[in-house]
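Text of target.cif, listed as mmCIF, C-alpha atoms and all ligand atoms:
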```
data_query
loop_
_atom_site.group_PDB
_atom_site.id
_atom_site.type_symbol
_atom_site.label_atom_id
_atom_site.label_comp_id
_atom_site.auth_asym_id
_atom_site.auth_seq_id
_atom_site.Cartn_x
_atom_site.Cartn_y
_atom_site.Cartn_z
ATOM 1 C CA MET X 1 -62.351 0.159 -45.142
ATOM 2 C CA LYS X 2 -65.032 -2.099 -46.662
ATOM 3 C CA LEU X 3 -66.082 0.524 -49.183
ATOM 4 C CA PHE X 4 -62.719 0.258 -50.912
ATOM 5 C CA ASP X 5 -62.446 -3.527 -50.495
ATOM 6 C CA ILE X 6 -61.190 -5.399 -53.563
ATOM 7 C CA THR X 7 -60.477 -8.684 -51.772
ATOM 8 C CA GLY X 8 -61.053 -11.673 -54.045
ATOM 9 C CA LYS X 9 -61.781 -9.591 -57.130
ATOM 10 C CA THR X 10 -60.175 -10.849 -60.337
ATOM 11 C CA VAL X 11 -58.315 -8.152 -62.225
ATOM 12 C CA LEU X 12 -56.344 -8.135 -65.469
ATOM 13 C CA ILE X 13 -53.804 -5.342 -65.934
ATOM 14 C CA THR X 14 -52.069 -4.833 -69.269
ATOM 15 C CA GLY X 15 -48.575 -3.376 -69.270
ATOM 16 C CA ALA X 16 -48.041 -4.731 -65.746
ATOM 17 C CA SER X 17 -44.406 -5.716 -66.294
ATOM 18 C CA ARG X 18 -43.034 -2.370 -65.106
ATOM 19 C CA GLY X 19 -43.867 1.205 -64.214
ATOM 20 C CA ILE X 20 -47.441 2.186 -63.350
ATOM 21 C CA GLY X 21 -48.924 -1.211 -64.277
ATOM 22 C CA LYS X 22 -46.460 -3.074 -62.043
ATOM 23 C CA SER X 23 -47.247 -0.805 -59.124
ATOM 24 C CA ILE X 24 -50.999 -1.339 -59.605
ATOM 25 C CA ALA X 25 -50.462 -5.113 -59.881
ATOM 26 C CA LEU X 26 -48.469 -5.284 -56.625
ATOM 27 C CA GLY X 27 -50.860 -2.924 -54.841
ATOM 28 C CA PHE X 28 -53.928 -4.923 -55.907
ATOM 29 C CA ARG X 29 -52.199 -8.129 -54.799
ATOM 30 C CA ASP X 30 -51.514 -6.555 -51.394
ATOM 31 C CA ALA X 31 -55.166 -5.528 -51.204
ATOM 32 C CA GLY X 32 -56.247 -9.161 -51.675
ATOM 33 C CA ALA X 33 -57.235 -9.182 -55.340
ATOM 34 C CA ILE X 34 -56.509 -12.095 -57.682
ATOM 35 C CA VAL X 35 -54.159 -10.369 -60.104
ATOM 36 C CA TYR X 36 -53.386 -11.244 -63.698
ATOM 37 C CA GLY X 37 -50.524 -9.109 -64.937
ATOM 38 C CA ALA X 38 -49.712 -8.847 -68.615
ATOM 39 C CA GLY X 39 -46.514 -7.976 -70.407
ATOM 40 C CA SER X 40 -45.874 -7.881 -74.124
ATOM 41 C CA ARG X 41 -43.208 -10.629 -74.072
ATOM 42 C CA PRO X 42 -42.496 -13.776 -72.002
ATOM 43 C CA GLU X 43 -39.355 -12.134 -70.481
ATOM 44 C CA SER X 44 -41.458 -9.226 -69.170
ATOM 45 C CA ILE X 45 -43.586 -11.446 -66.957
ATOM 46 C CA GLU X 46 -40.884 -13.763 -65.566
ATOM 47 C CA TRP X 47 -40.780 -11.961 -62.179
ATOM 48 C CA MET X 48 -44.526 -12.231 -61.538
ATOM 49 C CA ASP X 49 -44.943 -15.814 -60.408
ATOM 50 C CA LYS X 50 -42.796 -15.457 -57.287
ATOM 51 C CA GLU X 51 -44.632 -12.230 -56.418
ATOM 52 C CA GLY X 52 -48.027 -13.964 -56.439
ATOM 53 C CA ILE X 53 -49.149 -12.460 -59.715
ATOM 54 C CA ASN X 54 -50.435 -14.592 -62.595
ATOM 55 C CA GLY X 55 -48.320 -13.576 -65.577
ATOM 56 C CA VAL X 56 -49.821 -13.610 -69.071
ATOM 57 C CA VAL X 57 -48.385 -12.470 -72.369
ATOM 58 C CA ILE X 58 -50.622 -9.948 -74.067
ATOM 59 C CA ASP X 59 -49.306 -7.885 -76.936
ATOM 60 C CA VAL X 60 -52.116 -5.369 -77.142
ATOM 61 C CA ARG X 61 -51.549 -5.043 -80.889
ATOM 62 C CA SER X 62 -52.655 -8.645 -81.329
ATOM 63 C CA GLU X 63 -56.286 -9.450 -82.144
ATOM 64 C CA LYS X 64 -56.318 -12.595 -80.025
ATOM 65 C CA ASP X 65 -54.016 -12.294 -76.977
ATOM 66 C CA ALA X 66 -56.390 -10.412 -74.674
ATOM 67 C CA PHE X 67 -59.467 -12.235 -75.960
ATOM 68 C CA ASN X 68 -57.877 -15.591 -75.137
ATOM 69 C CA ALA X 69 -56.553 -14.455 -71.751
ATOM 70 C CA ILE X 70 -59.931 -13.053 -70.666
ATOM 71 C CA GLY X 71 -61.631 -16.281 -71.807
ATOM 72 C CA LYS X 72 -59.271 -18.358 -69.642
ATOM 73 C CA ILE X 73 -59.753 -16.119 -66.593
ATOM 74 C CA ARG X 74 -63.542 -16.359 -66.983
ATOM 75 C CA GLU X 75 -63.329 -20.135 -67.315
ATOM 76 C CA LYS X 76 -61.220 -20.437 -64.161
ATOM 77 C CA HIS X 77 -62.833 -17.815 -61.900
ATOM 78 C CA GLY X 78 -66.326 -17.389 -63.371
ATOM 79 C CA LYS X 79 -65.741 -13.690 -63.966
ATOM 80 C CA LEU X 80 -63.120 -11.065 -64.615
ATOM 81 C CA ASN X 81 -64.200 -8.301 -62.223
ATOM 82 C CA CYS X 82 -61.977 -5.551 -63.554
ATOM 83 C CA LEU X 83 -59.926 -4.889 -66.685
ATOM 84 C CA ILE X 84 -57.224 -2.222 -66.485
ATOM 85 C CA ASN X 85 -55.951 -1.154 -69.887
ATOM 86 C CA ASN X 86 -52.635 0.380 -68.923
ATOM 87 C CA ALA X 87 -50.132 -0.689 -71.647
ATOM 88 C CA GLY X 88 -48.865 2.217 -73.693
ATOM 89 C CA ILE X 89 -45.940 3.753 -75.522
ATOM 90 C CA ALA X 90 -44.710 7.307 -76.008
ATOM 91 C CA THR X 91 -42.110 8.984 -78.179
ATOM 92 C CA ASN X 92 -40.613 12.448 -78.450
ATOM 93 C CA THR X 93 -41.247 12.870 -82.162
ATOM 94 C CA PRO X 94 -42.129 16.176 -83.822
ATOM 95 C CA ALA X 95 -45.395 15.918 -85.764
ATOM 96 C CA SER X 96 -43.591 16.642 -89.034
ATOM 97 C CA GLY X 97 -41.191 13.739 -88.436
ATOM 98 C CA PHE X 98 -43.629 10.913 -87.760
ATOM 99 C CA LYS X 99 -42.957 7.928 -90.005
ATOM 100 C CA GLU X 100 -45.934 5.811 -91.096
ATOM 101 C CA GLU X 101 -44.747 2.728 -89.187
ATOM 102 C CA GLU X 102 -44.264 4.680 -85.942
ATOM 103 C CA LEU X 103 -47.682 6.305 -86.381
ATOM 104 C CA GLN X 104 -49.483 2.990 -86.894
ATOM 105 C CA ASN X 105 -47.620 1.332 -84.019
ATOM 106 C CA MET X 106 -48.621 4.067 -81.574
ATOM 107 C CA ILE X 107 -52.267 4.045 -82.672
ATOM 108 C CA GLN X 108 -52.377 0.234 -82.487
ATOM 109 C CA THR X 109 -50.803 0.114 -79.022
ATOM 110 C CA ASN X 110 -52.414 3.107 -77.333
ATOM 111 C CA TYR X 111 -55.863 3.139 -78.922
ATOM 112 C CA THR X 112 -56.797 0.072 -80.991
ATOM 113 C CA GLY X 113 -55.489 -2.243 -78.272
ATOM 114 C CA VAL X 114 -57.637 -0.533 -75.641
ATOM 115 C CA PHE X 115 -60.760 -0.731 -77.807
ATOM 116 C CA ARG X 116 -60.135 -4.365 -78.692
ATOM 117 C CA ASN X 117 -59.559 -5.381 -75.067
ATOM 118 C CA CYS X 118 -62.782 -3.649 -73.983
ATOM 119 C CA GLN X 119 -64.633 -5.428 -76.776
ATOM 120 C CA ALA X 120 -63.094 -8.804 -75.837
ATOM 121 C CA TYR X 121 -64.142 -8.248 -72.204
ATOM 122 C CA TYR X 122 -67.710 -7.422 -73.254
ATOM 123 C CA LYS X 123 -67.904 -10.397 -75.630
ATOM 124 C CA HIS X 124 -66.927 -12.773 -72.819
ATOM 125 C CA HIS X 125 -69.174 -11.228 -70.160
ATOM 126 C CA LYS X 126 -72.034 -9.566 -72.052
ATOM 127 C CA LYS X 127 -74.930 -8.979 -69.633
ATOM 128 C CA ASP X 128 -72.837 -10.162 -66.653
ATOM 129 C CA GLY X 129 -71.328 -6.697 -66.523
ATOM 130 C CA GLY X 130 -67.851 -5.577 -65.620
ATOM 131 C CA ASN X 131 -65.552 -2.745 -64.720
ATOM 132 C CA ILE X 132 -63.035 -1.135 -67.075
ATOM 133 C CA ILE X 133 -60.321 1.338 -66.119
ATOM 134 C CA ASN X 134 -58.399 2.850 -69.014
ATOM 135 C CA VAL X 135 -55.103 4.605 -68.338
ATOM 136 C CA ALA X 136 -54.876 7.637 -70.633
ATOM 137 C CA SER X 137 -52.801 10.756 -69.855
ATOM 138 C CA VAL X 138 -53.146 14.452 -69.075
ATOM 139 C CA LEU X 139 -51.708 14.835 -72.582
ATOM 140 C CA GLY X 140 -55.050 13.533 -73.826
ATOM 141 C CA MET X 141 -56.600 16.635 -72.245
ATOM 142 C CA VAL X 142 -54.073 19.409 -72.925
ATOM 143 C CA GLY X 143 -51.604 20.099 -75.724
ATOM 144 C CA SER X 144 -47.839 19.748 -75.521
ATOM 145 C CA LYS X 145 -44.868 19.841 -77.880
ATOM 146 C CA LEU X 146 -43.558 16.580 -79.376
ATOM 147 C CA ALA X 147 -46.604 14.599 -78.293
ATOM 148 C CA SER X 148 -49.066 15.008 -81.180
ATOM 149 C CA VAL X 149 -49.898 11.380 -81.916
ATOM 150 C CA TYR X 150 -49.556 10.292 -78.279
ATOM 151 C CA SER X 151 -51.978 13.070 -77.247
ATOM 152 C CA GLY X 152 -54.370 12.061 -80.009
ATOM 153 C CA THR X 153 -54.432 8.419 -78.908
ATOM 154 C CA LYS X 154 -54.924 9.344 -75.251
ATOM 155 C CA GLY X 155 -57.686 11.853 -76.097
ATOM 156 C CA ALA X 156 -59.313 9.093 -78.135
ATOM 157 C CA VAL X 157 -59.156 6.730 -75.144
ATOM 158 C CA ILE X 158 -60.955 9.332 -73.006
ATOM 159 C CA SER X 159 -63.697 9.755 -75.638
ATOM 160 C CA LEU X 160 -63.950 6.001 -76.198
ATOM 161 C CA SER X 161 -64.386 5.424 -72.473
ATOM 162 C CA LYS X 162 -67.263 7.919 -72.243
ATOM 163 C CA ALA X 163 -68.965 6.327 -75.246
ATOM 164 C CA LEU X 164 -68.599 2.776 -73.892
ATOM 165 C CA ALA X 165 -69.749 3.912 -70.453
ATOM 166 C CA ILE X 166 -73.036 5.012 -72.007
ATOM 167 C CA GLU X 167 -73.403 2.128 -74.489
ATOM 168 C CA TRP X 168 -72.778 -0.573 -71.885
ATOM 169 C CA CYS X 169 -74.219 1.084 -68.782
ATOM 170 C CA ASN X 170 -77.431 -0.928 -68.874
ATOM 171 C CA SER X 171 -75.458 -4.160 -69.203
ATOM 172 C CA GLY X 172 -73.804 -3.466 -65.850
ATOM 173 C CA TYR X 173 -70.479 -2.055 -67.015
ATOM 174 C CA ARG X 174 -68.615 0.924 -65.643
ATOM 175 C CA VAL X 175 -65.884 2.491 -67.772
ATOM 176 C CA ASN X 176 -63.591 5.151 -66.300
ATOM 177 C CA VAL X 177 -60.241 6.723 -67.051
ATOM 178 C CA ILE X 178 -57.167 7.586 -65.023
ATOM 179 C CA CYS X 179 -55.052 10.383 -66.451
ATOM 180 C CA PRO X 180 -51.586 10.417 -64.897
ATOM 181 C CA GLY X 181 -49.390 13.487 -65.126
ATOM 182 C CA LEU X 182 -45.625 12.980 -65.283
ATOM 183 C CA ILE X 183 -44.733 9.784 -63.458
ATOM 184 C CA ASP X 184 -41.252 8.478 -62.670
ATOM 185 C CA THR X 185 -41.073 5.375 -64.932
ATOM 186 C CA ASP X 186 -39.059 4.258 -67.966
ATOM 187 C CA MET X 187 -41.443 6.345 -70.057
ATOM 188 C CA THR X 188 -40.121 9.576 -68.562
ATOM 189 C CA ASP X 189 -36.420 8.653 -68.968
ATOM 190 C CA MET X 190 -36.337 11.089 -71.876
ATOM 191 C CA ILE X 191 -37.116 13.897 -69.403
ATOM 192 C CA LYS X 192 -34.966 12.662 -66.508
ATOM 193 C CA ASP X 193 -31.883 12.094 -68.689
ATOM 194 C CA LYS X 194 -31.216 15.825 -69.081
ATOM 195 C CA GLU X 195 -31.012 17.826 -65.866
ATOM 196 C CA TYR X 196 -32.010 21.163 -67.414
ATOM 197 C CA ILE X 197 -35.112 19.590 -68.992
ATOM 198 C CA LEU X 198 -36.023 17.876 -65.715
ATOM 199 C CA ASN X 199 -35.684 21.164 -63.818
ATOM 200 C CA GLN X 200 -37.898 22.937 -66.346
ATOM 201 C CA VAL X 201 -40.508 20.200 -66.062
ATOM 202 C CA LEU X 202 -40.426 20.208 -62.245
ATOM 203 C CA ALA X 203 -40.852 23.980 -62.197
ATOM 204 C CA GLY X 204 -44.120 23.480 -64.093
ATOM 205 C CA ILE X 205 -45.574 20.957 -61.627
ATOM 206 C CA PRO X 206 -47.285 22.702 -58.680
ATOM 207 C CA MET X 207 -46.286 19.891 -56.284
ATOM 208 C CA GLY X 208 -42.697 20.225 -57.530
ATOM 209 C CA ARG X 209 -42.011 16.557 -58.161
ATOM 210 C CA LEU X 210 -42.702 13.777 -60.636
ATOM 211 C CA GLY X 211 -45.352 11.328 -59.486
ATOM 212 C CA ASP X 212 -44.315 7.900 -58.193
ATOM 213 C CA PRO X 213 -45.988 4.920 -59.879
ATOM 214 C CA GLU X 214 -47.606 4.257 -56.453
ATOM 215 C CA ASP X 215 -49.399 7.604 -56.713
ATOM 216 C CA ILE X 216 -51.720 6.044 -59.296
ATOM 217 C CA LEU X 217 -52.656 3.063 -57.113
ATOM 218 C CA GLY X 218 -55.253 4.809 -54.930
ATOM 219 C CA ALA X 219 -57.165 6.040 -57.963
ATOM 220 C CA ALA X 220 -57.164 2.517 -59.414
ATOM 221 C CA ILE X 221 -58.413 0.971 -56.156
ATOM 222 C CA TYR X 222 -61.151 3.594 -55.896
ATOM 223 C CA LEU X 223 -62.360 2.909 -59.446
ATOM 224 C CA ALA X 224 -62.084 -0.882 -59.045
ATOM 225 C CA SER X 225 -64.045 -0.929 -55.786
ATOM 226 C CA ASP X 226 -67.640 -0.285 -54.764
ATOM 227 C CA ALA X 227 -66.536 3.120 -53.477
ATOM 228 C CA SER X 228 -67.080 4.290 -57.076
ATOM 229 C CA LYS X 229 -70.145 2.181 -57.877
ATOM 230 C CA TYR X 230 -72.159 5.186 -59.161
ATOM 231 C CA VAL X 231 -69.228 6.574 -61.190
ATOM 232 C CA THR X 232 -68.925 5.900 -64.909
ATOM 233 C CA GLY X 233 -67.622 7.724 -67.979
ATOM 234 C CA GLN X 234 -65.345 9.842 -65.771
ATOM 235 C CA THR X 235 -61.722 10.881 -65.935
ATOM 236 C CA LEU X 236 -59.663 11.013 -62.757
ATOM 237 C CA VAL X 237 -56.548 13.172 -63.086
ATOM 238 C CA VAL X 238 -53.548 12.314 -60.879
ATOM 239 C CA ASP X 239 -50.892 14.885 -61.765
ATOM 240 C CA GLY X 240 -49.668 16.898 -58.760
ATOM 241 C CA GLY X 241 -51.714 19.864 -59.992
ATOM 242 C CA LEU X 242 -50.084 20.024 -63.449
ATOM 243 C CA ILE X 243 -53.182 20.808 -65.508
ATOM 244 C CA ALA X 244 -55.071 22.638 -62.760
ATOM 245 C CA GLN X 245 -53.058 25.779 -63.553
HETATM 246 N N1 LIG W 1 -45.057 7.688 -67.036
HETATM 247 C C1 LIG W 1 -45.795 8.760 -67.278
HETATM 248 O O1 LIG W 1 -45.372 9.912 -67.044
HETATM 249 C C2 LIG W 1 -47.185 8.610 -67.835
HETATM 250 C C3 LIG W 1 -47.987 9.755 -67.885
HETATM 251 C C4 LIG W 1 -49.270 9.666 -68.381
HETATM 252 C C5 LIG W 1 -49.755 8.456 -68.815
HETATM 253 N N2 LIG W 1 -48.970 7.353 -68.773
HETATM 254 C C6 LIG W 1 -49.546 6.112 -69.283
HETATM 255 O O2 LIG W 1 -49.480 5.124 -68.277
HETATM 256 C C7 LIG W 1 -49.345 3.844 -68.874
HETATM 257 C C8 LIG W 1 -48.149 3.132 -68.262
HETATM 258 O O3 LIG W 1 -47.003 3.933 -68.497
HETATM 259 P P1 LIG W 1 -45.611 3.705 -67.760
HETATM 260 O O4 LIG W 1 -45.063 5.036 -67.500
HETATM 261 O O5 LIG W 1 -45.747 2.734 -66.677
HETATM 262 O O6 LIG W 1 -44.778 3.079 -68.978
HETATM 263 P P2 LIG W 1 -43.526 2.089 -69.008
HETATM 264 O O7 LIG W 1 -42.822 2.061 -67.717
HETATM 265 O O8 LIG W 1 -42.793 2.458 -70.250
HETATM 266 O O9 LIG W 1 -44.232 0.671 -69.207
HETATM 267 C C9 LIG W 1 -44.986 0.438 -70.372
HETATM 268 C C10 LIG W 1 -45.760 -0.842 -70.210
HETATM 269 O O10 LIG W 1 -46.548 -1.036 -71.397
HETATM 270 C C11 LIG W 1 -46.248 -2.316 -71.938
HETATM 271 N N3 LIG W 1 -46.347 -2.324 -73.399
HETATM 272 C C12 LIG W 1 -45.732 -1.523 -74.296
HETATM 273 N N4 LIG W 1 -46.074 -1.903 -75.554
HETATM 274 C C13 LIG W 1 -46.920 -2.963 -75.423
HETATM 275 C C14 LIG W 1 -47.613 -3.801 -76.318
HETATM 276 N N5 LIG W 1 -47.517 -3.651 -77.653
HETATM 277 N N6 LIG W 1 -48.394 -4.783 -75.821
HETATM 278 C C15 LIG W 1 -48.507 -4.969 -74.489
HETATM 279 N N7 LIG W 1 -47.873 -4.232 -73.575
HETATM 280 C C16 LIG W 1 -47.096 -3.234 -74.042
HETATM 281 C C17 LIG W 1 -44.825 -2.632 -71.488
HETATM 282 O O11 LIG W 1 -44.641 -4.034 -71.523
HETATM 283 P P3 LIG W 1 -43.170 -4.687 -71.787
HETATM 284 O O12 LIG W 1 -42.386 -4.495 -70.534
HETATM 285 O O13 LIG W 1 -43.471 -6.109 -72.092
HETATM 286 O O14 LIG W 1 -42.591 -3.927 -72.953
HETATM 287 C C18 LIG W 1 -44.842 -2.055 -70.070
HETATM 288 O O15 LIG W 1 -45.440 -2.953 -69.179
HETATM 289 C C19 LIG W 1 -49.209 4.090 -70.377
HETATM 290 O O16 LIG W 1 -50.446 3.916 -70.997
HETATM 291 C C20 LIG W 1 -48.778 5.543 -70.443
HETATM 292 O O17 LIG W 1 -49.133 6.147 -71.662
HETATM 293 C C21 LIG W 1 -47.690 7.396 -68.290
#
```
Could you show the structure in this file as C-alpha cells?
Amino acid sequence: MKLFDITGKTVLITGASRGIGKSIALGFRDAGAIVYGAGSRPESIEWMDKEGINGVVIDVRSEKDAFNAIGKIREKHGKLNCLINNAGIATNTPASGFKEEELQNMIQTNYTGVFRNCQAYYKHHKKDGGNIINVASVLGMVGSKLASVYSGTKGAVISLSKALAIEWCNSGYRVNVICPGLIDTDMTDMIKDKEYILNQVLAGIPMGRLGDPEDILGAAIYLASDASKYVTGQTLVVDGGLIAQ
C-alpha cells in the first residue's frame, strides 16, 4: 500500500549486524529502501554486502563514527531519510553490583550514543528535516529486577525522543520510539538458557511467546513511512501484551 511505501528511502540502522536491527535491515531492503546497516566491528558487517545492504562500522560510543557515516550518506544520496538508533546492550546485574566501567559503558552505548547520533543527523540536515526512530524497551516504562541501569537508559531514550520531537518539530523532524518486549535474540539468551526461567517469563506474556525480531519490523515501517506523518514524540510498544496487564 502506498501509504506505507518506503521505496527509495535512505535509512541508517545502528546495531544492524544481528537481532532486531538485522531483521529491520533485511525487511527495509525487501521493501525497496536503500539500507545502510551498522555494526560495531568490521566482522559484524561482513555478511551485509551480499545481502544488498551497505555495511558501515559505527561504534555508537565513538564521537565520530555516526557523524562521518551520515555525512557520507548525505553526500552520496542528498539525504538520509530515516535514522534508526537500535544498537544496545543489556546485562543481568543487580544494582548493588554495578561496577563503574560497566555503568559508563551501558550509559554510553544505550543513551549517549543515541543522543549523539540524533545530534549528528540534525547537524548534517538542519532545516532539511528527517525522521528518527529510537529503539528503547518496555523496561524503560516499567520496573524489573536486575535491569536498573538498562531501564534508566531506555527511560532516558524515551524522554529524549519526546524532547527532540518538540525541539526539532518545526525543522521538519519526527522522532518516535519503539519499545520491544522480550524478543528472541542474543540479548535474551540469559532467559532462554534456563528452562525454568523461560517458562516463568512466558507465563507472564499474555501472548505466551517471546517476540520474533520480525515482529518489530511492521512498527519500524509504519514510523519510517508517510503512514505516520502526523506522529511524533510517541512510543509504540510491541510486546505481546506484556505491559498491558
Ligand atoms: N531482545 C529483546 O528482548 C529486547 C527488548 C527490548 C529492547 N531491545 C532493544 O533492541 C535493540 C536491539 O536488541 P537485540 O535484541 O537485537 O540485541 P542483540 O541481538 O544483542 O544485538 C545488539 C546489536 O547492538 C550492536 N551493538 C552493541 N554494542 C554496540 C556499540 N558499542 N556500538 C554499535 N553497535 C553496538 C551489536 O553490534 P555487534 O554485532 O557489532 O556487536 C548488535 O548489532 C537494543 O537497543 C535493545 O536494548 C531488545
Tell me, counting only C-alpha atoms and all ligand atoms, for each residue of chain X within 6 Å of ligand LIG 1 (chain W), which pair of atoms is nearest and how far apart they are in Å to one decimal, in rows ordered by chain and increasing number, as JSON lines.
```
{"residue": "X:Gly15", "atom": "CA", "partner": "W:LIG1", "partner_atom": "O15", "distance": 3.2}
{"residue": "X:Ala16", "atom": "CA", "partner": "W:LIG1", "partner_atom": "O15", "distance": 4.7}
{"residue": "X:Ser17", "atom": "CA", "partner": "W:LIG1", "partner_atom": "O15", "distance": 4.1}
{"residue": "X:Arg18", "atom": "CA", "partner": "W:LIG1", "partner_atom": "O15", "distance": 4.8}
{"residue": "X:Gly19", "atom": "CA", "partner": "W:LIG1", "partner_atom": "O5", "distance": 3.5}
{"residue": "X:Ile20", "atom": "CA", "partner": "W:LIG1", "partner_atom": "O5", "distance": 3.8}
{"residue": "X:Gly21", "atom": "CA", "partner": "W:LIG1", "partner_atom": "O5", "distance": 5.6}
{"residue": "X:Gly39", "atom": "CA", "partner": "W:LIG1", "partner_atom": "O13", "distance": 3.9}
{"residue": "X:Ser40", "atom": "CA", "partner": "W:LIG1", "partner_atom": "O13", "distance": 3.6}
{"residue": "X:Arg41", "atom": "CA", "partner": "W:LIG1", "partner_atom": "O13", "distance": 4.9}
{"residue": "X:Ser44", "atom": "CA", "partner": "W:LIG1", "partner_atom": "O13", "distance": 4.7}
{"residue": "X:Ile58", "atom": "CA", "partner": "W:LIG1", "partner_atom": "C15", "distance": 5.4}
{"residue": "X:Asp59", "atom": "CA", "partner": "W:LIG1", "partner_atom": "N6", "distance": 3.4}
{"residue": "X:Val60", "atom": "CA", "partner": "W:LIG1", "partner_atom": "N6", "distance": 4.0}
{"residue": "X:Arg61", "atom": "CA", "partner": "W:LIG1", "partner_atom": "N5", "distance": 5.4}
{"residue": "X:Asn86", "atom": "CA", "partner": "W:LIG1", "partner_atom": "O16", "distance": 4.6}
{"residue": "X:Ala87", "atom": "CA", "partner": "W:LIG1", "partner_atom": "O10", "distance": 3.6}
{"residue": "X:Gly88", "atom": "CA", "partner": "W:LIG1", "partner_atom": "O16", "distance": 3.6}
{"residue": "X:Ile89", "atom": "CA", "partner": "W:LIG1", "partner_atom": "C12", "distance": 5.4}
{"residue": "X:Thr109", "atom": "CA", "partner": "W:LIG1", "partner_atom": "N5", "distance": 5.2}
{"residue": "X:Val135", "atom": "CA", "partner": "W:LIG1", "partner_atom": "O16", "distance": 5.4}
{"residue": "X:Ala136", "atom": "CA", "partner": "W:LIG1", "partner_atom": "C5", "distance": 5.5}
{"residue": "X:Ser137", "atom": "CA", "partner": "W:LIG1", "partner_atom": "C5", "distance": 4.0}
{"residue": "X:Pro180", "atom": "CA", "partner": "W:LIG1", "partner_atom": "C4", "distance": 4.3}
{"residue": "X:Gly181", "atom": "CA", "partner": "W:LIG1", "partner_atom": "C3", "distance": 4.8}
{"residue": "X:Leu182", "atom": "CA", "partner": "W:LIG1", "partner_atom": "O1", "distance": 3.5}
{"residue": "X:Ile183", "atom": "CA", "partner": "W:LIG1", "partner_atom": "O1", "distance": 3.6}
{"residue": "X:Asp184", "atom": "CA", "partner": "W:LIG1", "partner_atom": "N1", "distance": 5.8}
{"residue": "X:Thr185", "atom": "CA", "partner": "W:LIG1", "partner_atom": "O7", "distance": 4.7}
{"residue": "X:Asp186", "atom": "CA", "partner": "W:LIG1", "partner_atom": "O7", "distance": 4.4}
{"residue": "X:Met187", "atom": "CA", "partner": "W:LIG1", "partner_atom": "O8", "distance": 4.1}
{"residue": "X:Thr188", "atom": "CA", "partner": "W:LIG1", "partner_atom": "O1", "distance": 5.5}
```
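Atom pair CA of Gly27 (chain X) / CA of Ala220 (chain X): separated by 9.5 Å.
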Seminar exercise, completed: From the list X:Leu26, X:Leu210, X:Ala31, X:Leu12, the nearest residue to Arg74 (chain X) using all atoms listed in the file is X:Leu12
Seminar exercise, completed: As a check of understanding: the span from CA of Gly140 (chain X) to CA of Asp226 (chain X) is 26.7 Å
Problem set entry | Close residues, Leu217 (chain X) itself excluded, 9 Å, all atoms listed in the file, min 2 positions apart in chain, as a PyMOL selection string | chain X and resi 20+23-25+27-28+213-215+219-222
For this session: Would you list the contacts of Ile107 (chain X) as number ranges by chain, taking every protein, DNA or RNA residue within 12 Å and counting all atoms listed in the file, but skipping same-chain residues closer than 5 positions in sequence?
Result: X: 60-61, 88-90, 100-102, 112-115, 148-157
Exercise. Using only C-alpha atoms, which of X:Gly97, X:Gln200, X:Met190, X:Gly130 sits nearest Leu164 (chain X)?
Worked result: X:Gly130
Exercise. So, counting only C-alpha atoms, which residue among X:Gly240, X:Gly143, X:Gly233, X:Gly37 is closest to Ile158 (chain X)?
Worked result: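 Nearest candidate to Ile158 (chain X) out of X:Gly240, X:Gly143, X:Gly233, X:Gly37: X:Gly233.
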Calculate, to one decimal in Å, the centre and edge lengths of the box along x, y and z of the file that holds all listed atoms of region 169-179 of chain X with 6 Å of margin on each side, and present them as lines of an AutoDock Vina configuration file.
```
center_x = -66.2
center_y = 3.1
center_z = -67.1
size_x = 34.4
size_y = 26.5
size_z = 16.2
```
Distance query Ala120 (chain X) at most 8 Å, all atoms listed in the file, self and fewer than 2 positions along chain excluded, as a PDB file with C-alpha atoms, in the coordinates of the input:
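The result, stored in around21.pdb:
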```pdb
ATOM      1  CA  ALA X  66     -56.390 -10.412 -74.674  1.00  0.00           C
ATOM      2  CA  PHE X  67     -59.467 -12.235 -75.960  1.00  0.00           C
ATOM      3  CA  ILE X  70     -59.931 -13.053 -70.666  1.00  0.00           C
ATOM      4  CA  ARG X 116     -60.135  -4.365 -78.692  1.00  0.00           C
ATOM      5  CA  ASN X 117     -59.559  -5.381 -75.067  1.00  0.00           C
ATOM      6  CA  CYS X 118     -62.782  -3.649 -73.983  1.00  0.00           C
ATOM      7  CA  TYR X 122     -67.710  -7.422 -73.254  1.00  0.00           C
ATOM      8  CA  LYS X 123     -67.904 -10.397 -75.630  1.00  0.00           C
ATOM      9  CA  HIS X 124     -66.927 -12.773 -72.819  1.00  0.00           C
TER      10      HIS X 124
END
```
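For the file shown, the residue list from the PyMOL selection byres (((chain X and resi 146) around 9) and not hetatm) reads Thr91, Asn92, Thr93, Pro94, Ala95, Ser144, Lys145, Ala147, Ser148, Val149 and Tyr150 of chain X.
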Problem set entry | Matched chain/residue IDs from the PyMOL selection byres (((chain X and resi 4) around 9) and not hetatm), as a list in words |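 Applied to this file, the PyMOL selection byres (((chain X and resi 4) around 9) and not hetatm) returns Met1, Lys2, Leu3, Asp5, Ile6, Ile221, Tyr222, Leu223, Ala224, Ser225, Asp226, Ala227 and Ser228 of chain X.
Taking CA of Ile178 (chain X) as the reference point, CA of Leu236 (chain X) is found at 4.8 Å.
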Exercise. Once the PyMOL selection byres (((chain X and resi 53) around 9) and not hetatm) has been applied to the shown file, what residues remain in the selection, as an MDAnalysis selection string?
Worked result: chainID X and resid 25:26 29 34:37 47:52 54:55
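When only C-alpha atoms are used to compute distances to Gly208 (chain X), the closest of the residues X:Asp239, X:Leu80, X:Thr232, X:Glu195 turns out to be X:Asp239.
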Exercise. Of the candidates X:Ser62, X:Asn68, X:Asn81, X:Gln245, which one gets nearest to Gln108 (chain X) if we count all atoms listed in the file?
Worked result: X:Ser62
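Using only C-alpha atoms, the smallest distance between any of X:Val11, X:Ala203, X:Leu160, X:Leu139 and Tyr111 (chain X) comes from X:Leu160.
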For this session: Within 9 Å of (-47.3, 26.8, -65.3) (coordinates as in the file), grab all the protein and nucleic acid residues, counting all atoms listed in the file, and write them out as a ChimeraX atom specification.
Result: /X:203-206,242-243,245
Mind dumping the selected residues with C-alpha atoms as an mmCIF file, keeping the file's coordinate frame?
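Saved result, part.cif, follows:
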```cif
data_model
loop_
_atom_site.group_PDB
_atom_site.id
_atom_site.type_symbol
_atom_site.label_atom_id
_atom_site.label_comp_id
_atom_site.auth_asym_id
_atom_site.auth_seq_id
_atom_site.Cartn_x
_atom_site.Cartn_y
_atom_site.Cartn_z
ATOM 1 C CA ALA X 203 -40.852 23.980 -62.197
ATOM 2 C CA GLY X 204 -44.120 23.480 -64.093
ATOM 3 C CA ILE X 205 -45.574 20.957 -61.627
ATOM 4 C CA PRO X 206 -47.285 22.702 -58.680
ATOM 5 C CA LEU X 242 -50.084 20.024 -63.449
ATOM 6 C CA ILE X 243 -53.182 20.808 -65.508
ATOM 7 C CA GLN X 245 -53.058 25.779 -63.553
#
```
